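Asks: Here you go, entry.pdb (PDB, C-alpha atoms):
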```
ATOM      1  CA  MET A   1     -12.600 -10.434 -19.974
ATOM      2  CA  VAL A   2     -15.325  -8.660 -18.026
ATOM      3  CA  PRO A   3     -14.123  -8.307 -14.427
ATOM      4  CA  SER A   4     -16.353  -8.796 -11.439
ATOM      5  CA  ALA A   5     -13.897  -7.421  -8.870
ATOM      6  CA  VAL A   6     -11.206  -4.775  -8.539
ATOM      7  CA  ALA A   7      -8.546  -4.779  -5.809
ATOM      8  CA  PHE A   8      -6.177  -1.942  -4.985
ATOM      9  CA  ASP A   9      -2.825  -1.297  -3.420
ATOM     10  CA  LEU A  10      -2.941   1.554  -0.886
ATOM     11  CA  ASP A  11       0.348   3.457  -0.556
ATOM     12  CA  SER A  12       1.339   5.514  -3.616
ATOM     13  CA  THR A  13      -1.739   4.209  -5.438
ATOM     14  CA  LEU A  14      -4.789   5.494  -3.574
ATOM     15  CA  ALA A  15      -3.050   7.591  -0.921
ATOM     16  CA  VAL A  16       0.133   9.647  -0.692
ATOM     17  CA  THR A  17       1.914  11.785   1.879
ATOM     18  CA  GLU A  18       2.216  15.522   1.434
ATOM     19  CA  ARG A  19       5.838  15.346   2.579
ATOM     20  CA  PRO A  20       8.430  12.855   1.266
ATOM     21  CA  ARG A  21       8.768   9.636   3.251
ATOM     22  CA  ASP A  22      12.465  10.206   3.938
ATOM     23  CA  ARG A  23      11.580  13.542   5.550
ATOM     24  CA  LEU A  24       8.871  11.870   7.643
ATOM     25  CA  LEU A  25      11.405   9.300   8.805
ATOM     26  CA  ASP A  26      13.741  12.132   9.827
ATOM     27  CA  GLU A  27      10.879  13.807  11.702
ATOM     28  CA  ALA A  28      10.186  10.575  13.563
ATOM     29  CA  THR A  29      13.779   9.912  14.588
ATOM     30  CA  ASP A  30      14.145  13.528  15.698
ATOM     31  CA  ALA A  31      10.951  13.310  17.770
ATOM     32  CA  ALA A  32      12.127  10.092  19.417
ATOM     33  CA  ASP A  33      15.733  11.291  19.909
ATOM     34  CA  ALA A  34      16.886   8.372  17.792
ATOM     35  CA  PRO A  35      19.827   8.164  15.380
ATOM     36  CA  ALA A  36      19.139   9.225  11.812
ATOM     37  CA  LEU A  37      18.047   6.344   9.573
ATOM     38  CA  ALA A  38      18.320   5.990   5.811
ATOM     39  CA  ARG A  39      15.101   5.465   3.897
ATOM     40  CA  GLU A  40      16.726   2.639   1.904
ATOM     41  CA  ASP A  41      17.610   0.799   5.124
ATOM     42  CA  TYR A  42      14.070   1.286   6.393
ATOM     43  CA  LEU A  43      12.575  -0.174   3.198
ATOM     44  CA  ASP A  44      14.912  -3.159   3.399
ATOM     45  CA  ALA A  45      13.863  -3.844   6.997
ATOM     46  CA  HIS A  46      10.202  -3.247   6.129
ATOM     47  CA  SER A  47      10.388  -5.941   3.436
ATOM     48  CA  ARG A  48      11.423  -8.454   6.107
ATOM     49  CA  HIS A  49       8.444  -7.689   8.346
ATOM     50  CA  LEU A  50       5.383  -7.614   6.092
ATOM     51  CA  VAL A  51       3.417  -9.909   8.414
ATOM     52  CA  SER A  52       3.936  -8.135  11.731
ATOM     53  CA  GLU A  53       1.472  -6.403  14.038
ATOM     54  CA  THR A  54       3.432  -3.143  14.332
ATOM     55  CA  ARG A  55       6.552  -1.465  12.952
ATOM     56  CA  GLU A  56       8.505  -2.286  16.105
ATOM     57  CA  PRO A  57      10.335  -5.286  14.546
ATOM     58  CA  ILE A  58      11.412  -2.998  11.689
ATOM     59  CA  PHE A  59      12.954  -0.475  14.040
ATOM     60  CA  ASP A  60      14.374  -3.247  16.233
ATOM     61  CA  ASP A  61      16.442  -4.239  13.205
ATOM     62  CA  LEU A  62      17.490  -0.672  12.470
ATOM     63  CA  LEU A  63      18.304   0.332  16.054
ATOM     64  CA  SER A  64      20.176  -2.830  16.982
ATOM     65  CA  GLY A  65      22.671  -2.071  19.719
ATOM     66  CA  ASP A  66      21.242   1.346  20.653
ATOM     67  CA  ASP A  67      20.110   1.267  24.288
ATOM     68  CA  ASP A  68      19.084   4.925  24.468
ATOM     69  CA  VAL A  69      15.900   4.683  22.394
ATOM     70  CA  THR A  70      13.193   2.053  21.979
ATOM     71  CA  ALA A  71      11.803   0.705  18.737
ATOM     72  CA  GLU A  72       8.317   1.359  20.098
ATOM     73  CA  ASP A  73       9.063   5.073  20.521
ATOM     74  CA  VAL A  74      10.335   5.425  16.963
ATOM     75  CA  ALA A  75       7.511   3.321  15.537
ATOM     76  CA  ASP A  76       4.944   5.508  17.322
ATOM     77  CA  ALA A  77       6.618   8.704  16.126
ATOM     78  CA  TYR A  78       6.804   7.477  12.548
ATOM     79  CA  ARG A  79       3.161   6.388  12.553
ATOM     80  CA  GLU A  80       2.105   9.818  13.824
ATOM     81  CA  ALA A  81       4.243  11.590  11.213
ATOM     82  CA  ILE A  82       2.756   9.548   8.371
ATOM     83  CA  LEU A  83      -0.830   9.962   9.526
ATOM     84  CA  ASP A  84      -0.273  13.705   9.862
ATOM     85  CA  ALA A  85       0.916  13.893   6.233
ATOM     86  CA  LEU A  86      -1.427  11.312   4.692
ATOM     87  CA  GLU A  87      -3.897  12.389   2.042
ATOM     88  CA  PRO A  88      -6.000  10.591  -0.561
ATOM     89  CA  VAL A  89      -5.314  10.839  -4.253
ATOM     90  CA  PRO A  90      -7.829  13.446  -5.475
ATOM     91  CA  GLY A  91     -10.988  11.724  -6.627
ATOM     92  CA  ALA A  92     -10.089   8.343  -5.134
ATOM     93  CA  ALA A  93     -12.956   8.182  -2.643
ATOM     94  CA  GLY A  94     -15.554   8.974  -5.284
ATOM     95  CA  MET A  95     -14.002   6.450  -7.653
ATOM     96  CA  LEU A  96     -14.238   3.682  -5.036
ATOM     97  CA  ALA A  97     -17.878   4.504  -4.355
ATOM     98  CA  ASP A  98     -18.710   4.480  -8.053
ATOM     99  CA  LEU A  99     -16.872   1.202  -8.682
ATOM    100  CA  ARG A 100     -18.755  -0.536  -5.888
ATOM    101  CA  GLU A 101     -21.968  -0.007  -7.812
ATOM    102  CA  ARG A 102     -20.672  -2.416 -10.477
ATOM    103  CA  TYR A 103     -17.869  -4.476  -8.937
ATOM    104  CA  ARG A 104     -16.697  -6.084  -5.738
ATOM    105  CA  VAL A 105     -13.924  -3.757  -4.510
ATOM    106  CA  GLY A 106     -11.020  -4.834  -2.323
ATOM    107  CA  LEU A 107      -7.789  -3.571  -0.815
ATOM    108  CA  LEU A 108      -4.555  -5.522  -0.411
ATOM    109  CA  THR A 109      -1.827  -3.542   1.304
ATOM    110  CA  ASN A 110       1.634  -4.568   2.483
ATOM    111  CA  GLY A 111       2.676  -3.723   6.009
ATOM    112  CA  PRO A 112       2.105  -4.057   9.741
ATOM    113  CA  VAL A 113      -1.481  -4.215  10.947
ATOM    114  CA  VAL A 114      -1.471  -1.143  13.190
ATOM    115  CA  ALA A 115       0.186   1.041  10.561
ATOM    116  CA  GLN A 116      -2.027   0.071   7.643
ATOM    117  CA  ARG A 117      -5.316  -0.127   9.525
ATOM    118  CA  GLY A 118      -4.449   3.270  10.978
ATOM    119  CA  LYS A 119      -4.070   4.726   7.491
ATOM    120  CA  ILE A 120      -7.423   3.319   6.403
ATOM    121  CA  ALA A 121      -9.062   4.863   9.476
ATOM    122  CA  GLU A 122      -7.290   8.204   9.002
ATOM    123  CA  LEU A 123      -8.591   8.365   5.433
ATOM    124  CA  GLY A 124     -12.098   7.502   6.633
ATOM    125  CA  TRP A 125     -12.147   4.480   4.327
ATOM    126  CA  GLU A 126     -13.198   1.720   6.744
ATOM    127  CA  ASP A 127     -16.413   1.275   4.747
ATOM    128  CA  SER A 128     -15.008   2.094   1.292
ATOM    129  CA  PHE A 129     -14.117  -1.511   0.390
ATOM    130  CA  ASP A 130     -16.016  -4.759   0.391
ATOM    131  CA  VAL A 131     -12.887  -6.304   1.874
ATOM    132  CA  ALA A 132      -9.610  -4.811   3.126
ATOM    133  CA  VAL A 133      -6.679  -7.176   3.618
ATOM    134  CA  VAL A 134      -3.476  -6.144   5.406
ATOM    135  CA  THR A 135      -0.520  -8.487   4.984
ATOM    136  CA  GLY A 136       0.340  -8.102   8.676
ATOM    137  CA  GLU A 137      -2.691 -10.307   9.289
ATOM    138  CA  LEU A 138      -1.496 -12.988   6.849
ATOM    139  CA  ASP A 139       1.297 -15.543   6.550
ATOM    140  CA  ALA A 140       2.908 -13.720   3.630
ATOM    141  CA  GLY A 141       3.073 -10.306   2.003
ATOM    142  CA  LYS A 142       3.079  -9.189  -1.612
ATOM    143  CA  PRO A 143       4.369 -10.390  -4.049
ATOM    144  CA  ASP A 144       3.743 -13.823  -2.506
ATOM    145  CA  GLU A 145       0.795 -15.462  -4.236
ATOM    146  CA  ARG A 146      -0.743 -16.274  -0.840
ATOM    147  CA  ALA A 147      -1.345 -12.570  -0.237
ATOM    148  CA  PHE A 148      -3.267 -12.223  -3.494
ATOM    149  CA  ALA A 149      -5.121 -15.455  -2.819
ATOM    150  CA  ALA A 150      -6.308 -13.976   0.475
ATOM    151  CA  VAL A 151      -7.951 -10.963  -1.134
ATOM    152  CA  LEU A 152      -9.375 -13.071  -3.972
ATOM    153  CA  ASP A 153     -10.868 -15.505  -1.476
ATOM    154  CA  ALA A 154     -12.331 -12.631   0.539
ATOM    155  CA  LEU A 155     -13.825 -11.151  -2.626
ATOM    156  CA  ASP A 156     -15.052 -14.611  -3.651
ATOM    157  CA  VAL A 157     -13.758 -14.289  -7.222
ATOM    158  CA  ASP A 158     -11.450 -16.240  -9.498
ATOM    159  CA  PRO A 159      -8.165 -14.519 -10.472
ATOM    160  CA  SER A 160      -9.291 -14.350 -14.100
ATOM    161  CA  GLU A 161     -12.273 -12.234 -13.038
ATOM    162  CA  ALA A 162     -10.257  -9.738 -10.992
ATOM    163  CA  VAL A 163      -8.189  -6.642 -11.708
ATOM    164  CA  TYR A 164      -5.388  -5.488  -9.427
ATOM    165  CA  VAL A 165      -4.326  -1.835  -9.381
ATOM    166  CA  GLY A 166      -0.962  -0.852  -7.911
ATOM    167  CA  ASP A 167       2.291   0.955  -8.542
ATOM    168  CA  HIS A 168       5.150  -1.342  -7.505
ATOM    169  CA  PRO A 169       6.723  -3.403 -10.316
ATOM    170  CA  ASP A 170       7.501  -6.410  -8.107
ATOM    171  CA  HIS A 171       4.987  -6.314  -5.268
ATOM    172  CA  ASP A 172       2.030  -5.308  -7.396
ATOM    173  CA  VAL A 173       2.608  -5.991 -11.084
ATOM    174  CA  ARG A 174       4.603  -9.217 -10.998
ATOM    175  CA  GLY A 175       2.829 -10.484  -7.903
ATOM    176  CA  ALA A 176      -0.672  -9.996  -9.249
ATOM    177  CA  LYS A 177       0.236 -11.344 -12.693
ATOM    178  CA  ALA A 178       1.701 -14.472 -11.104
ATOM    179  CA  ALA A 179      -1.580 -14.867  -9.221
ATOM    180  CA  GLY A 180      -3.450 -14.813 -12.539
ATOM    181  CA  MET A 181      -4.978 -11.335 -12.279
ATOM    182  CA  TYR A 182      -5.296  -8.574 -14.854
ATOM    183  CA  VAL A 183      -3.012  -5.713 -13.734
ATOM    184  CA  VAL A 184      -3.202  -1.955 -14.095
ATOM    185  CA  GLN A 185       0.004  -0.223 -13.038
ATOM    186  CA  VAL A 186      -0.245   3.267 -11.575
ATOM    187  CA  VAL A 187       2.659   5.504 -12.630
ATOM    188  CA  PHE A 188       3.710   8.945 -11.454
ATOM    189  CA  ASP A 189       6.620  11.380 -11.519
ATOM    190  CA  GLY A 190       9.474  10.031  -9.421
ATOM    191  CA  GLY A 191       7.933   6.573  -9.247
ATOM    192  CA  PRO A 192       8.894   3.273 -10.882
ATOM    193  CA  ASP A 193       9.006   2.987 -14.648
ATOM    194  CA  PRO A 194       6.054   1.366 -16.413
ATOM    195  CA  HIS A 195       6.488  -2.402 -16.251
ATOM    196  CA  PRO A 196       5.943  -4.355 -19.481
ATOM    197  CA  ALA A 197       4.121  -7.147 -17.635
ATOM    198  CA  ALA A 198       1.250  -4.821 -16.708
ATOM    199  CA  ASP A 199      -1.822  -5.080 -18.911
ATOM    200  CA  ALA A 200      -2.335  -1.311 -18.756
ATOM    201  CA  HIS A 201      -0.691   1.781 -17.296
ATOM    202  CA  VAL A 202      -2.366   4.899 -15.964
ATOM    203  CA  GLU A 203      -1.036   8.144 -14.547
ATOM    204  CA  ARG A 204      -1.969   8.410 -10.887
ATOM    205  CA  GLU A 205      -3.582  11.819 -11.291
ATOM    206  CA  ASP A 206      -5.789  10.341 -14.023
ATOM    207  CA  LEU A 207      -6.697   7.155 -12.118
ATOM    208  CA  PRO A 208     -10.225   8.148 -10.980
ATOM    209  CA  GLU A 209     -11.215   9.088 -14.530
ATOM    210  CA  ARG A 210      -9.287   6.492 -16.535
ATOM    211  CA  LEU A 211      -9.719   3.315 -14.496
ATOM    212  CA  PRO A 212     -13.462   2.926 -15.085
ATOM    213  CA  GLU A 213     -12.770   3.252 -18.822
ATOM    214  CA  LEU A 214     -10.051   0.577 -18.655
ATOM    215  CA  LEU A 215     -12.331  -1.819 -16.832
TER
END
```
Would you mind writing the structure in this file as structure tokens?
Replies:
Amino acid sequence: MVPSAVAFDLDSTLAVTERPRDRLLDEATDAADAPALAREDYLDAHSRHLVSETREPIFDDLLSGDDDVTAEDVADAYREAILDALEPVPGAAGMLADLRERYRVGLLTNGPVVAQRGKIAELGWEDSFDVAVVTGELDAGKPDERAFAAVLDALDVDPSEAVYVGDHPDHDVRGAKAAGMYVVQVVFDGGPDPHPAADAHVEREDLPERLPELL
């Protein structure tokens, strides 16, 4: 199979935060004078709101019954904390530019519109993809096949002609495979184990060098 398009996950694949996400969540709740929140609870709530405009519904769930702080305040503080700590994987920008000389290049990222579009802008990557799809703008998030269909339609390619690159075993690997795409799983220390359903695995630090070879 010779691909004509490559689509990427964003978080933990192309971009990371210099401080752990649980610490950033603590920074946000401290800044907003909100109760401490567990990262696991946040991720659970996040999974229920993959098609929202902002993170406010997430924090509405987590702060239920607390009248002293608003979900908007915490969402704003968390967004600012993440953007402050966000950084690209070394070599990622150059890799995207090089790939676009040979392939259609897309992004499919789970999450609220404001949060994910803000990350793309913070990284200066508004023009780094042929298409960038945020699930907050869709009817479903990854691993739902409709999310992958959206980026494939935007790229104007068949699933069999597209490669998806991401780290999450369920959202990325299983989701993209179910959509009929070739999948490269990004792995890293402290991240998920390599999933057997992926067609290939690559260490995140080696992604800019190795991915073109795999394609």
Asks: Please evaluate the PyMOL selection byres ((chain A and resi 196-206) around 8) against the displayed coordinates and give the resulting residues as an NGL selection string.
Replies: :A and (13 or 89-90 or 173-174 or 177 or 182-188 or 194-195 or 207-211 or 214)
Asks: So for range 11-27 of chain A, what box centre and size do we get, axis-aligned, 3 Å extra on each of the six sides, every listed atom, Å to one decimal, as JSON?
Replies:
```
{"center_x": 4.5, "center_y": 9.5, "center_z": 3.1, "size_x": 24.5, "size_y": 18.1, "size_z": 23.1}
```
Asks: Output the residue selection produced by the PyMOL selection byres ((chain A and resi 42-58) around 10) on the file above, formatted as a ChimeraX atom specification.
Replies: /A:22,25,37-41,59-63,70-76,78-79,109-116,134-142
Asks: Would you write out, as a list in words, every residue that the PyMOL selection byres ((chain A and resi 95) around 9) captures in this file?
Replies: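 Checking the PyMOL selection byres ((chain A and resi 95) around 9) against this file, the residues are Gly91, Ala92, Ala93, Gly94, Leu96, Ala97, Asp98, Leu99, Arg100, Leu207, Pro208, Glu209, Leu211 and Pro212 of chain A.
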Asks: Please, what distance in Å, to one decimal, runs between CA of Ile82 in chain A and CA of Ala149 in chain A?
Replies: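 CA of Ala149 in chain A lies 28.5 Å from CA of Ile82 in chain A.
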Asks: Quick one: residues within 10 Å of Ala15 in chain A, all atoms listed in the file, excluding same-chain residues fewer than 4 positions away - as an MDAnalysis selection string?
Replies: chainID A and resid 9:11 86:90 92 119:120 123
Asks: For the residues selected in the previous step, produce a file with C-alpha atoms as a CSV table (one decimal), in the coordinates of the input.
Replies:
```csv
chain,number,residue,atom,x,y,z
A,9,ASP,CA,-2.8,-1.3,-3.4
A,10,LEU,CA,-2.9,1.6,-0.9
A,11,ASP,CA,0.3,3.5,-0.6
A,86,LEU,CA,-1.4,11.3,4.7
A,87,GLU,CA,-3.9,12.4,2.0
A,88,PRO,CA,-6.0,10.6,-0.6
A,89,VAL,CA,-5.3,10.8,-4.3
A,90,PRO,CA,-7.8,13.4,-5.5
A,92,ALA,CA,-10.1,8.3,-5.1
A,119,LYS,CA,-4.1,4.7,7.5
A,120,ILE,CA,-7.4,3.3,6.4
A,123,LEU,CA,-8.6,8.4,5.4
```
Asks: Rank A:Leu107, A:Met181, A:Ala162, A:Leu83 by their smallest atom-to-atom distance to Glu122 in chain A, using all atoms listed in the file, and report the top residue only.
Replies: A:Leu83
Asks: Between CA of Glu126 in chain A and CA of Asp158 in chain A, what is the spacing in Å?
Replies: 24.3 Å
Asks: Of the residues A:Ala31, A:Val2, A:Val16, A:Ser64, which is the one nearest to Gly191 in chain A, using all atoms listed in the file?
Replies: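 Going through A:Ala31, A:Val2, A:Val16, A:Ser64 one by one, the smallest distance to Gly191 in chain A is for A:Val16.
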Asks: Taking only C-alpha atoms into account, which of A:Ala85, A:Leu215, A:Ala32, A:Ala7 comes nearest Ala147 in chain A?
Replies: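 Using only C-alpha atoms, the shortest distance to Ala147 in chain A belongs to A:Ala7.
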Asks: Applying 10 Å and all atoms listed in the file, which residues near Glu161 in chain A remain after dropping the ones on its own chain fewer than 4 positions away? List them as a VMD selection string.
Replies: chain A and resid 1 to 6 152 157 180 to 182
Asks: Report the distance between CA of Val163 in chain A and CA of Phe8 in chain A in Å, rounded to one decimal place.
Replies: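 Interatomic distance, CA of Val163 in chain A to CA of Phe8 in chain A: 8.4 Å.
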Asks: Complete the atom set of range 53-64 of chain A to N, CA, C and O atoms and return it as a PDB file, in the frame of the given file.
Replies:
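Generated output (rebuild_35.pdb):
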```
ATOM      1  N   GLU A  53       2.565  -7.193  13.473  1.00  0.00           N
ATOM      2  CA  GLU A  53       1.472  -6.403  14.038  1.00  0.00           C
ATOM      3  C   GLU A  53       1.787  -4.914  13.991  1.00  0.00           C
ATOM      4  O   GLU A  53       0.903  -4.093  13.701  1.00  0.00           O
ATOM      5  N   THR A  54       3.029  -4.552  14.302  1.00  0.00           N
ATOM      6  CA  THR A  54       3.432  -3.143  14.332  1.00  0.00           C
ATOM      7  C   THR A  54       4.755  -2.978  13.605  1.00  0.00           C
ATOM      8  O   THR A  54       5.356  -3.955  13.132  1.00  0.00           O
ATOM      9  N   ARG A  55       5.253  -1.736  13.559  1.00  0.00           N
ATOM     10  CA  ARG A  55       6.552  -1.465  12.952  1.00  0.00           C
ATOM     11  C   ARG A  55       7.707  -1.713  13.932  1.00  0.00           C
ATOM     12  O   ARG A  55       8.871  -1.514  13.558  1.00  0.00           O
ATOM     13  N   GLU A  56       7.427  -2.115  15.130  1.00  0.00           N
ATOM     14  CA  GLU A  56       8.505  -2.286  16.105  1.00  0.00           C
ATOM     15  C   GLU A  56       9.597  -3.246  15.630  1.00  0.00           C
ATOM     16  O   GLU A  56      10.791  -2.954  15.800  1.00  0.00           O
ATOM     17  N   PRO A  57       9.263  -4.404  15.031  1.00  0.00           N
ATOM     18  CA  PRO A  57      10.335  -5.286  14.546  1.00  0.00           C
ATOM     19  C   PRO A  57      11.219  -4.609  13.498  1.00  0.00           C
ATOM     20  O   PRO A  57      12.417  -4.889  13.416  1.00  0.00           O
ATOM     21  N   ILE A  58      10.637  -3.723  12.694  1.00  0.00           N
ATOM     22  CA  ILE A  58      11.412  -2.998  11.689  1.00  0.00           C
ATOM     23  C   ILE A  58      12.468  -2.138  12.376  1.00  0.00           C
ATOM     24  O   ILE A  58      13.659  -2.174  12.033  1.00  0.00           O
ATOM     25  N   PHE A  59      12.017  -1.367  13.361  1.00  0.00           N
ATOM     26  CA  PHE A  59      12.954  -0.475  14.040  1.00  0.00           C
ATOM     27  C   PHE A  59      13.873  -1.227  14.995  1.00  0.00           C
ATOM     28  O   PHE A  59      14.970  -0.752  15.284  1.00  0.00           O
ATOM     29  N   ASP A  60      13.449  -2.396  15.465  1.00  0.00           N
ATOM     30  CA  ASP A  60      14.374  -3.247  16.233  1.00  0.00           C
ATOM     31  C   ASP A  60      15.586  -3.596  15.385  1.00  0.00           C
ATOM     32  O   ASP A  60      16.726  -3.570  15.856  1.00  0.00           O
ATOM     33  N   ASP A  61      15.337  -3.929  14.114  1.00  0.00           N
ATOM     34  CA  ASP A  61      16.442  -4.239  13.205  1.00  0.00           C
ATOM     35  C   ASP A  61      17.348  -3.029  13.010  1.00  0.00           C
ATOM     36  O   ASP A  61      18.579  -3.146  13.018  1.00  0.00           O
ATOM     37  N   LEU A  62      16.736  -1.875  12.820  1.00  0.00           N
ATOM     38  CA  LEU A  62      17.490  -0.672  12.470  1.00  0.00           C
ATOM     39  C   LEU A  62      18.227  -0.067  13.654  1.00  0.00           C
ATOM     40  O   LEU A  62      19.254   0.587  13.484  1.00  0.00           O
ATOM     41  N   LEU A  63      17.718  -0.276  14.860  1.00  0.00           N
ATOM     42  CA  LEU A  63      18.304   0.332  16.054  1.00  0.00           C
ATOM     43  C   LEU A  63      19.111  -0.666  16.867  1.00  0.00           C
ATOM     44  O   LEU A  63      19.400  -0.422  18.026  1.00  0.00           O
ATOM     45  N   SER A  64      19.447  -1.780  16.274  1.00  0.00           N
ATOM     46  CA  SER A  64      20.176  -2.830  16.982  1.00  0.00           C
ATOM     47  C   SER A  64      21.418  -2.273  17.670  1.00  0.00           C
ATOM     48  O   SER A  64      22.255  -1.612  17.055  1.00  0.00           O
TER      49      SER A  64
END
```
